[in-house]
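Pasting work_26.cif here (mmCIF, C-alpha atoms):
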data_work
loop_
_atom_site.label_atom_id
_atom_site.label_comp_id
_atom_site.auth_asym_id
_atom_site.auth_seq_id
_atom_site.Cartn_x
_atom_site.Cartn_y
_atom_site.Cartn_z
CA MET K 1 36.72 -20.11 -54.81
CA MET K 2 34.51 -20.29 -51.71
CA CYS K 3 31.53 -22.61 -52.02
CA PRO K 4 28.06 -20.98 -51.84
CA LYS K 5 27.30 -22.68 -48.55
CA ALA K 6 30.49 -21.40 -46.95
CA ALA K 7 29.89 -17.94 -48.36
CA ALA K 8 26.39 -17.88 -46.96
CA SER K 9 27.61 -18.94 -43.53
CA LYS K 10 30.24 -16.19 -43.59
CA LYS K 11 27.68 -13.48 -44.42
CA SER K 12 24.95 -14.82 -42.13
CA PRO K 13 26.22 -15.76 -38.64
CA SER K 14 24.45 -18.57 -36.88
CA CYS K 15 21.63 -17.97 -34.40
CA ALA K 16 24.01 -18.92 -31.60
CA THR K 17 26.49 -16.30 -32.75
CA VAL K 18 23.81 -13.63 -32.99
CA HIS K 19 22.52 -14.51 -29.53
CA LYS K 20 26.02 -14.31 -28.09
CA SER K 21 26.71 -10.95 -29.73
CA ARG K 22 23.56 -9.49 -28.20
CA LYS K 23 24.87 -10.29 -24.73
CA VAL K 24 27.99 -8.24 -25.21
CA GLN K 25 27.40 -4.59 -24.34
CA ALA K 26 29.04 -1.73 -26.19
CA LYS K 27 32.31 -0.56 -24.69
CA SER K 28 31.86 2.42 -22.40
CA LEU K 29 34.07 5.47 -22.53
CA ILE K 30 33.68 5.66 -18.74
CA GLU K 31 35.82 3.65 -16.33
CA TRP K 32 34.04 1.70 -13.58
CA ASP K 33 35.77 3.69 -10.84
CA GLU K 34 34.46 6.94 -12.36
CA LEU K 35 30.91 5.93 -11.38
CA ASP K 36 29.77 6.77 -7.86
CA SER K 37 28.26 4.07 -5.65
CA ARG K 38 24.65 4.67 -6.73
CA GLU K 39 25.58 4.75 -10.41
CA GLN K 40 27.32 1.41 -9.94
CA MET K 41 24.22 0.12 -8.17
CA SER K 42 22.07 1.09 -11.17
CA VAL K 43 24.32 -0.93 -13.49
CA VAL K 44 24.26 -4.03 -11.29
CA CYS K 45 20.50 -3.81 -10.68
CA ASN K 46 19.69 -3.57 -14.39
CA LEU K 47 21.87 -6.55 -15.24
CA PHE K 48 20.42 -8.55 -12.33
CA ILE K 49 16.77 -7.97 -13.25
CA ASN K 50 17.60 -8.98 -16.84
CA GLY K 51 18.35 -12.45 -15.51
CA MET K 52 22.14 -12.46 -15.38
CA LYS K 53 24.03 -14.59 -12.87
CA PHE K 54 26.56 -12.88 -10.63
CA SER K 55 29.44 -14.20 -12.69
CA GLU K 56 27.81 -12.87 -15.86
CA ILE K 57 27.22 -9.48 -14.23
CA ALA K 58 30.92 -9.23 -13.34
CA THR K 59 31.94 -10.27 -16.86
CA ALA K 60 29.59 -7.72 -18.48
CA ILE K 61 30.90 -4.92 -16.26
CA ASN K 62 34.51 -5.89 -16.93
CA GLN K 63 33.95 -5.89 -20.69
CA THR K 64 31.94 -2.66 -20.73
CA TYR K 65 33.72 -0.51 -18.16
CA HIS K 66 37.31 -1.81 -18.43
CA ALA K 67 37.06 -3.15 -14.89
CA ASN K 68 38.52 -6.16 -13.14
CA LEU K 69 35.65 -7.21 -10.86
CA LYS K 70 35.24 -10.67 -9.40
CA ARG K 71 31.83 -12.28 -9.04
CA GLU K 72 31.90 -11.70 -5.28
CA SER K 73 32.35 -7.96 -5.83
CA THR K 74 28.77 -7.65 -7.12
CA TYR K 75 27.17 -9.10 -3.95
CA PRO K 76 27.56 -6.04 -1.67
CA ILE K 77 26.52 -3.70 -4.49
CA LEU K 78 23.25 -5.57 -4.99
CA MET K 79 22.64 -5.84 -1.24
CA ASN K 80 23.17 -2.10 -0.91
CA ALA K 81 20.49 -1.59 -3.56
CA VAL K 82 18.13 -3.79 -1.55
CA ARG K 83 18.82 -1.76 1.61
CA HIS K 84 18.03 1.43 -0.30
CA LYS K 85 14.70 -0.10 -1.45
CA TRP K 86 15.77 0.07 -5.09
CA ILE K 87 14.60 -3.48 -5.70
CA ARG K 88 11.07 -4.56 -4.84
CA PHE K 89 9.29 -7.78 -5.73
CA VAL K 90 5.97 -7.13 -7.45
CA PRO K 91 3.72 -10.22 -7.58
CA PRO K 92 1.55 -10.83 -10.63
CA PRO K 93 -2.15 -9.97 -10.48
CA GLU K 94 -4.64 -12.80 -10.06
CA TYR K 95 -6.88 -11.95 -13.01
CA GLU K 96 -9.27 -14.86 -12.58
CA LEU K 97 -10.07 -13.94 -8.98
CA GLU K 98 -10.41 -10.28 -9.95
CA MET K 99 -12.93 -11.22 -12.66
CA ARG K 100 -14.90 -13.48 -10.32
CA ALA K 101 -14.95 -10.79 -7.60
CA ARG K 102 -16.30 -8.22 -10.08
CA GLN K 103 -19.00 -10.65 -11.17
CA GLN K 104 -20.05 -11.49 -7.63
CA TYR K 105 -19.81 -7.88 -6.39
CA PRO K 106 -20.57 -5.75 -9.47
CA TRP K 107 -21.07 -2.62 -7.37
CA LEU K 108 -17.33 -2.41 -6.68
CA ASP K 109 -15.70 0.29 -8.82
CA GLY K 110 -12.34 -1.43 -8.76
CA VAL K 111 -10.80 -4.74 -7.69
CA ARG K 112 -7.13 -5.68 -7.52
CA VAL K 113 -5.98 -9.09 -6.31
CA ALA K 114 -2.29 -9.80 -5.82
CA HIS K 115 -1.20 -13.39 -6.36
CA SER K 116 0.63 -13.34 -3.06
CA SER K 117 0.32 -14.26 0.58
CA GLN K 118 2.71 -11.57 1.82
CA PHE K 119 1.73 -8.43 3.72
CA GLN K 120 4.08 -6.03 1.91
CA ASP K 121 2.96 -7.08 -1.58
CA ILE K 122 -0.62 -6.01 -0.93
CA ALA K 123 0.53 -2.60 0.30
CA GLY K 124 2.29 -2.06 -3.03
CA TYR K 125 -0.89 -2.89 -4.94
CA GLY K 126 -2.78 -0.51 -2.65
CA ALA K 127 -0.39 2.36 -3.40
CA GLU K 128 -0.85 1.76 -7.13
CA ALA K 129 -4.64 1.72 -6.70
CA LEU K 130 -4.47 5.09 -4.93
CA ILE K 131 -2.38 6.48 -7.80
CA GLU K 132 -5.04 5.28 -10.26
CA LEU K 133 -7.80 6.98 -8.28
CA LEU K 134 -5.83 10.24 -8.36
CA LYS K 135 -5.30 9.89 -12.11
CA LYS K 136 -9.04 9.67 -12.66
CA LEU K 137 -9.66 12.77 -10.56
CA TYR K 138 -6.94 14.62 -12.49
CA HIS K 139 -8.66 13.78 -15.80
CA GLN K 140 -11.85 15.17 -14.26
CA ASN K 141 -9.96 18.47 -13.82
CA LYS K 142 -9.84 18.14 -10.05
CA HIS K 143 -6.59 19.76 -8.95
CA VAL K 144 -7.03 19.69 -5.16
CA VAL K 145 -7.69 16.30 -3.61
CA HIS K 146 -8.16 15.45 0.08
CA ILE K 147 -7.05 11.95 1.12
CA GLY K 148 -7.88 10.52 4.54
CA PHE K 149 -5.77 7.74 6.04
CA ALA K 150 -6.72 5.25 8.71
CA GLY K 151 -3.96 3.76 10.88
CA GLY K 152 -2.23 0.41 11.15
CA HIS K 153 0.71 -1.44 9.62
CA ALA K 154 -0.92 -1.99 6.22
CA ILE K 155 -1.78 1.66 5.67
CA ARG K 156 1.63 2.76 6.94
CA LYS K 157 3.38 0.55 4.37
CA LEU K 158 0.97 1.69 1.64
CA THR K 159 1.61 5.35 2.47
CA TYR K 160 5.37 4.82 2.42
CA LEU K 161 5.24 3.25 -1.06
CA PHE K 162 2.77 5.88 -2.27
CA ALA K 163 5.20 8.63 -1.23
CA GLN K 164 7.99 6.86 -3.13
CA MET K 165 5.88 6.55 -6.29
CA LEU K 166 4.41 10.04 -6.25
CA PRO K 167 7.33 11.99 -7.80
CA GLN K 168 7.18 9.76 -10.89
CA TYR K 169 3.72 11.12 -11.70
CA GLU K 170 4.44 14.83 -11.60
CA GLY K 171 2.14 16.55 -14.10
CA LYS K 172 -0.12 13.49 -14.32
CA LEU K 173 -1.89 13.79 -10.95
CA PRO K 174 -3.58 16.57 -9.02
CA SER K 175 -0.75 18.82 -7.88
CA HIS K 176 -2.34 19.88 -4.58
CA LEU K 177 -2.86 17.06 -2.09
CA VAL K 178 -4.25 17.47 1.42
CA LEU K 179 -3.51 14.45 3.63
CA HIS K 180 -5.72 13.83 6.67
CA ALA K 181 -5.29 11.59 9.72
CA LEU K 182 -8.73 10.08 10.30
CA VAL K 183 -8.04 8.16 13.51
CA ALA K 184 -6.02 8.78 16.63
CA GLY K 185 -2.98 6.70 17.55
CA PHE K 186 -4.15 3.35 18.88
CA ASP K 187 -1.18 1.38 20.16
CA ILE K 188 1.24 3.10 22.55
CA HIS K 189 3.73 0.27 22.01
CA GLU K 190 3.65 0.75 18.23
CA PRO K 191 3.34 4.51 17.58
CA ARG K 192 4.33 4.03 13.93
CA THR K 193 0.77 2.87 13.23
CA ASP K 194 -0.56 6.35 14.07
CA PRO K 195 -1.44 8.07 10.74
CA ASN K 196 0.08 11.31 12.02
CA THR K 197 3.49 9.63 11.68
CA PHE K 198 2.87 8.75 8.02
CA PHE K 199 3.22 12.39 6.98
CA SER K 200 6.99 12.29 7.48
CA PHE K 201 7.24 10.17 4.31
CA PHE K 202 6.35 13.24 2.25
CA GLN K 203 8.93 15.60 3.77
CA THR K 204 11.49 15.16 0.99
CA SER K 205 12.89 17.37 -1.75
CA SER K 206 11.56 14.95 -4.40
CA MET K 207 8.04 16.24 -3.68
CA HIS K 208 8.80 19.67 -5.19
CA GLY K 209 6.28 19.07 -8.01
CA PHE K 210 3.42 18.74 -5.51
CA ASP K 211 1.85 21.10 -3.02
CA ILE K 212 1.19 18.85 -0.01
CA GLU K 213 -0.66 19.90 3.12
CA PHE K 214 -1.32 17.91 6.28
CA VAL K 215 -4.24 17.80 8.67
CA GLY K 216 -3.27 15.88 11.78
CA LEU K 217 -5.45 14.56 14.57
CA HIS K 218 -4.11 15.26 18.04
CA ALA K 219 -6.50 13.35 20.24
CA PRO K 220 -6.46 10.65 22.92
CA SER K 221 -6.61 7.13 21.56
CA ARG K 222 -8.87 5.79 24.28
CA VAL K 223 -12.04 7.76 24.94
CA LYS K 224 -15.17 7.00 26.92
CA THR K 225 -18.08 6.51 24.57
CA GLN K 226 -20.34 8.88 26.53
CA GLU K 227 -17.72 11.65 26.19
CA PHE K 228 -16.91 11.07 22.52
CA HIS K 229 -19.05 13.83 20.95
CA LYS K 230 -17.93 16.35 23.55
CA ILE K 231 -14.28 15.55 22.76
CA LEU K 232 -14.99 15.68 19.01
CA GLU K 233 -16.20 19.27 19.41
CA SER K 234 -13.32 20.31 21.63
CA GLU K 235 -11.04 23.12 20.53
CA ASP K 236 -8.12 20.75 19.85
CA ILE K 237 -10.10 18.50 17.48
CA ILE K 238 -12.84 20.62 15.91
CA ASP K 239 -10.56 21.91 13.13
CA SER K 240 -9.57 18.36 12.15
CA SER K 241 -13.20 17.28 12.29
CA GLN K 242 -14.38 20.14 10.07
CA ALA K 243 -11.53 19.62 7.59
CA ALA K 244 -12.43 15.92 7.27
CA LYS K 245 -15.68 16.94 5.56
CA LYS K 246 -13.59 17.79 2.49
CA VAL K 247 -12.08 14.29 2.19
CA ASP K 248 -12.46 12.79 -1.30
CA ILE K 249 -10.78 9.41 -0.74
CA ILE K 250 -10.62 7.31 2.41
CA VAL K 251 -7.81 4.75 2.57
CA THR K 252 -8.36 2.07 5.18
CA SER K 253 -7.70 -1.51 6.11
CA ALA K 254 -9.53 -3.94 8.41
CA THR K 255 -8.73 -6.73 10.87
CA CYS K 256 -10.46 -9.85 12.13
CA TRP K 257 -11.82 -9.95 15.68
CA GLY K 258 -10.42 -13.46 16.05
CA ASP K 259 -6.85 -12.37 15.29
CA GLU K 260 -4.98 -12.09 18.61
CA HIS K 261 -2.67 -9.49 17.02
CA SER K 262 -5.54 -7.13 16.21
CA SER K 263 -4.85 -3.68 17.71
CA PHE K 264 -8.60 -3.14 17.98
CA ARG K 265 -9.08 -6.38 19.94
CA LYS K 266 -6.21 -5.51 22.29
CA TYR K 267 -7.60 -2.02 22.78
CA MET K 268 -11.12 -3.17 23.56
CA GLY K 269 -9.67 -5.76 25.92
CA LYS K 270 -8.70 -2.92 28.25
CA SER K 271 -12.39 -2.89 29.24
CA GLU K 272 -13.73 -6.34 30.10
CA ASN K 273 -17.30 -5.11 29.74
CA SER K 274 -16.63 -3.60 26.28
CA PHE K 275 -14.88 -6.76 25.11
CA ASN K 276 -17.76 -8.95 26.25
CA ILE K 277 -20.33 -6.71 24.56
CA LEU K 278 -18.55 -7.06 21.21
CA ASP K 279 -18.25 -10.81 21.66
CA HIS K 280 -21.97 -11.01 22.46
CA GLN K 281 -22.81 -8.92 19.36
CA ASN K 282 -20.81 -11.37 17.19
CA CYS K 283 -18.25 -8.78 16.17
CA VAL K 284 -16.45 -9.97 13.01
CA GLY K 285 -13.70 -7.37 13.09
CA ASP K 286 -13.07 -3.69 12.64
CA MET K 287 -12.61 -1.12 9.91
CA LEU K 288 -11.46 2.42 10.70
CA TRP K 289 -10.98 0.91 14.18
CA LEU K 290 -14.75 0.62 14.58
CA PRO K 291 -16.66 -2.67 15.13
CA LEU K 292 -18.33 -4.46 12.25
CA GLY K 293 -20.95 -7.21 12.20
CA ASN K 294 -21.73 -9.67 9.41
CA GLU K 295 -24.29 -7.40 7.75
CA GLN K 296 -23.90 -3.94 9.27
CA PRO K 297 -21.72 -1.83 11.55
CA LEU K 298 -22.28 -2.63 15.21
CA PRO K 299 -23.80 0.03 17.45
CA ILE K 300 -21.30 1.62 19.83
CA GLU K 301 -22.62 0.32 23.14
CA THR K 302 -19.19 -0.22 24.65
CA ASP K 303 -17.72 1.80 27.51
CA ILE K 304 -14.72 2.85 25.42
CA ARG K 305 -14.23 3.45 21.72
CA ALA K 306 -11.65 4.65 19.19
CA MET K 307 -11.25 8.34 18.38
CA THR K 308 -12.27 8.61 14.71
CA LEU K 309 -13.49 11.40 12.43
CA PHE K 310 -15.78 9.08 10.45
CA GLU K 311 -18.31 6.54 11.64
CA LEU K 312 -18.82 3.41 9.55
CA SER K 313 -22.47 4.45 9.24
CA ASP K 314 -21.26 7.63 7.48
CA LEU K 315 -19.66 5.72 4.61
CA PRO K 316 -22.76 4.81 2.52
CA ASP K 317 -23.73 8.47 2.21
CA PHE K 318 -20.07 9.42 1.65
CA ILE K 319 -20.05 7.01 -1.33
CA ARG K 320 -23.40 8.24 -2.65
CA ARG K 321 -21.86 11.72 -2.89
CA GLY K 322 -19.30 10.38 -5.35
CA LYS K 323 -16.50 9.89 -2.83
CA LYS K 324 -14.27 6.81 -2.77
CA VAL K 325 -13.31 4.31 -0.06
CA LEU K 326 -10.25 2.17 -0.81
CA LEU K 327 -10.04 -0.96 1.33
CA VAL K 328 -6.60 -2.58 1.36
CA LEU K 329 -6.69 -5.99 2.99
CA SER K 330 -3.43 -7.85 3.50
CA PRO K 331 -2.62 -10.86 5.69
CA CYS K 332 -1.81 -10.17 9.34
CA PHE K 333 1.45 -8.25 9.74
CA TYR K 334 2.58 -10.60 12.52
CA CYS K 335 1.31 -14.11 11.69
CA ASN K 336 0.29 -13.94 8.02
CA GLN K 337 -3.26 -15.07 8.84
CA THR K 338 -5.75 -14.29 6.08
CA LYS K 339 -8.61 -11.85 6.63
CA SER K 340 -11.30 -13.76 4.79
CA SER K 341 -13.92 -13.35 7.53
CA ILE K 342 -13.71 -9.55 7.70
CA LEU K 343 -13.51 -9.33 3.89
CA LYS K 344 -16.69 -11.37 3.56
CA ALA K 345 -18.42 -9.16 6.13
CA VAL K 346 -17.40 -5.94 4.37
CA LEU K 347 -18.57 -7.21 0.98
CA ASN K 348 -21.91 -8.44 2.33
CA GLN K 349 -22.99 -5.34 4.24
CA LYS K 350 -26.58 -4.19 3.71
CA GLU K 351 -25.18 -0.83 2.61
CA HIS K 352 -21.88 -0.56 0.78
CA LEU K 353 -18.94 0.67 2.85
CA VAL K 354 -16.22 0.56 0.18
CA THR K 355 -15.84 1.33 -3.52
CA HIS K 356 -12.43 -0.17 -4.28
CA LEU K 357 -10.80 -3.35 -3.01
CA VAL K 358 -7.18 -4.50 -2.94
CA ALA K 359 -6.53 -7.88 -1.33
CA ASP K 360 -4.38 -11.00 -1.36
CA SER K 361 -5.34 -14.04 -3.41
CA ARG K 362 -5.88 -16.36 -0.40
CA SER K 363 -8.39 -14.05 1.29
CA VAL K 364 -10.35 -13.43 -1.91
CA ARG K 365 -10.36 -17.09 -2.89
CA ASN K 366 -11.84 -18.05 0.48
CA VAL K 367 -14.68 -15.52 0.10
CA LEU K 368 -15.82 -16.22 -3.43
CA THR K 369 -18.55 -18.81 -3.86
#
Step by step, read the file and then write its structure as structure tokens.
Amino acid sequence: MMCPKAAASKKSPSCATVHKSRKVQAKSLIEWDELDSREQMSVVCNLFINGMKFSEIATAINQTYHANLKRESTYPILMNAVRHKWIRFVPPPEYELEMRARQQYPWLDGVRVAHSSQFQDIAGYGAEALIELLKKLYHQNKHVVHIGFAGGHAIRKLTYLFAQMLPQYEGKLPSHLVLHALVAGFDIHEPRTDPNTFFSFFQTSSMHGFDIEFVGLHAPSRVKTQEFHKILESEDIIDSSQAAKKVDIIVTSATCWGDEHSSFRKYMGKSENSFNILDHQNCVGDMLWLPLGNEQPLPIETDIRAMTLFELSDLPDFIRRGKKVLLVLSPCFYCNQTKSSILKAVLNQKEHLVTHLVADSRSVRNVLT
């Protein structure tokens, strides 16, 4: 006769046994070679993000799919997933800094701070913030939404991620989106920062659940200030200018005047007189490729200026009409320098220029008192 203790142990496996049994997946009726390359990638990715080592991934696949993989066989599969952008690191939010920012700047409608110092992480947070803004408009029964994009590396990356996320929210967001380019291309050596080029991200079959229109801006990047209004009313630009009046959300970034990689600084440097004027006016940086001071936008007294459909002085009234301005501030694309000085200037303007902020933890930490 079996003793009670032995009987109990036979009926109730140990915790270690239970834990081990949970690791073993059910046998699949499908052979590993019957899966195509992307289906195999999905298996490897799911096992990887669940914390398995490469040897454990190979063992799990061999047990489940009757395969005979070696540990090394999983490396190229995972790397292929990375190349296809299937795996993306998402940093945790910095809740304490978000709370402090809301307390110090209670007029902000939304604040997101990524606990990261990397450029691409902030763009991901920015894309999610744009999705949230669209959700709110959808719940307000707004089915056509106009979104205006500034240029630059940060907004390009944000737009790319936004386009990737969009199909997941079919039926949960406004179905008719009109995307506007709000600034002309700025850097002839980096045409990808022109917002007109962002629209190609949406030319995919996965967008079938959305009706997406585009309003480009075909204009010279460098214009003489005294000719700006004449060019704005020209036949080539007037349609874009009139359409911009319908914009509901402006998505923009900003750069510091002291950053040698700033496209705005390089551009204004093409005119020694313009550069010196901005230096003399204590320019802190730019937003929408327009100069900003510590407390207010700087007057355009320079010989040349950017071609834009909005002036910074337009934004307070834009916001008063219930529109939104999403500022996405990431470290410098080239040198990872923080943008604390321009962030502080934007947040301390006499009249508010933004409604929503997404930024990295270092920049926000440096601004908060």
Practice task
Determine the nearest neighbour of Thr252 of chain K from the options K:Val178, K:Ile304, K:Ala163, K:Ala123, counting only C-alpha atoms.
Solution key: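 Among the listed residues, K:Ala123 lies closest to Thr252 of chain K.
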Practice task
State, in Å with one decimal place, the distance from atom CA of Pro91 of chain K to atom CA of Ala127 of chain K.
Solution key: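 For atom CA of Pro91 of chain K relative to atom CA of Ala127 of chain K, the distance reads 13.9 Å.
Residues with any atom within 8 Å of segment 79-84 of chain K, counting only C-alpha atoms and excluding same-chain neighbours fewer than 4 positions away, are Met41, Cys45, Tyr75 and Arg88 of chain K.
Nearest residue to Arg100 of chain K among K:Thr59, K:Arg365, K:Thr64, K:Ile30 is K:Arg365, counting only C-alpha atoms.
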Exercise for the section: Could you list the residues chosen by the PyMOL selection byres ((chain K and resi 354) around 12) in this structure as a PyMOL selection string? Expected result: chain K and resi 105+107-111+249-254+287-288+312-320+322-329+343+345-353+355-358
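Candidate residues K:Glu34, K:Asp187, K:Lys135, K:Asn282 were compared for distance to Glu295 of chain K, and the nearest is K:Asn282, using all atoms listed in the file.
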Restrict the calculation to only C-alpha atoms, then for each residue of segment 216-296 of chain K with any atom at most 12 Å from an atom of segment 146-158 of chain K give the closest atom pair and their distance in Å to one decimal, rows by chain and rising residue number, as CSV.
residue,atom,partner,partner_atom,distance
K:Gly216,CA,K:Gly148,CA,10.1
K:Leu217,CA,K:Phe149,CA,10.9
K:Ser221,CA,K:Gly151,CA,11.5
K:Ser240,CA,K:Gly148,CA,11.1
K:Ser241,CA,K:Gly148,CA,11.6
K:Ala243,CA,K:His146,CA,9.2
K:Ala244,CA,K:Gly148,CA,7.6
K:Lys245,CA,K:His146,CA,9.4
K:Lys246,CA,K:His146,CA,6.4
K:Val247,CA,K:His146,CA,4.6
K:Asp248,CA,K:His146,CA,5.2
K:Ile249,CA,K:Ile147,CA,4.9
K:Ile250,CA,K:Gly148,CA,4.7
K:Val251,CA,K:Phe149,CA,5.0
K:Thr252,CA,K:Ala150,CA,5.0
K:Ser253,CA,K:Ile155,CA,6.7
K:Ala254,CA,K:Gly152,CA,8.9
K:Thr255,CA,K:Gly152,CA,9.7
K:His261,CA,K:His153,CA,11.4
K:Ser262,CA,K:Gly152,CA,9.7
K:Ser263,CA,K:Gly152,CA,8.2
K:Phe264,CA,K:Gly152,CA,10.0
K:Asp286,CA,K:Ala150,CA,11.6
K:Met287,CA,K:Ala150,CA,8.8
K:Leu288,CA,K:Ala150,CA,5.9
K:Trp289,CA,K:Ala150,CA,8.2
K:Leu290,CA,K:Ala150,CA,11.0
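Closest to His115 of chain K among K:Val90, K:Leu130, K:Leu298, K:Met99 is K:Val90, based on all atoms listed in the file.
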Is there a way to get, as an mmCIF file with C-alpha atoms, in the coordinates of the input, all residues within 7 Å of the point (-17.9, 9.6, 17.2) in file coordinates, counting all atoms listed in the file?
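The resulting file, selection.cif, is reproduced below:
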data_model
loop_
_atom_site.group_PDB
_atom_site.id
_atom_site.type_symbol
_atom_site.label_atom_id
_atom_site.label_comp_id
_atom_site.auth_asym_id
_atom_site.auth_seq_id
_atom_site.Cartn_x
_atom_site.Cartn_y
_atom_site.Cartn_z
ATOM 1 C CA PHE K 228 -16.910 11.070 22.520
ATOM 2 C CA HIS K 229 -19.050 13.830 20.950
ATOM 3 C CA LEU K 232 -14.990 15.680 19.010
ATOM 4 C CA MET K 307 -11.250 8.340 18.380
ATOM 5 C CA THR K 308 -12.270 8.610 14.710
ATOM 6 C CA LEU K 309 -13.490 11.400 12.430
ATOM 7 C CA GLU K 311 -18.310 6.540 11.640
#
Exercise for the section: Enter the distance from atom CA of Asn273 of chain K to atom CA of Asn294 of chain K, in Å, rounded to one decimal. Expected result: 21.3 Å
Problem - Nearest candidate to His180 of chain K (options K:Asp360, K:Asp194, K:Asp33, K:Glu227; using all atoms listed in the file) - result: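 Of K:Asp360, K:Asp194, K:Asp33, K:Glu227, the one nearest His180 of chain K is K:Asp194, counting all atoms listed in the file.
Minimum distance to Ser175 of chain K across K:Leu368, K:Cys332, K:Ala306, K:Leu134 (counting only C-alpha atoms) occurs at K:Leu134.
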Problem - the PyMOL selection byres ((chain K and resi 285) around 6) resolved against shown file, as a PyMOL selection string - result: chain K and resi 255-257+283-284+286+291-292+342
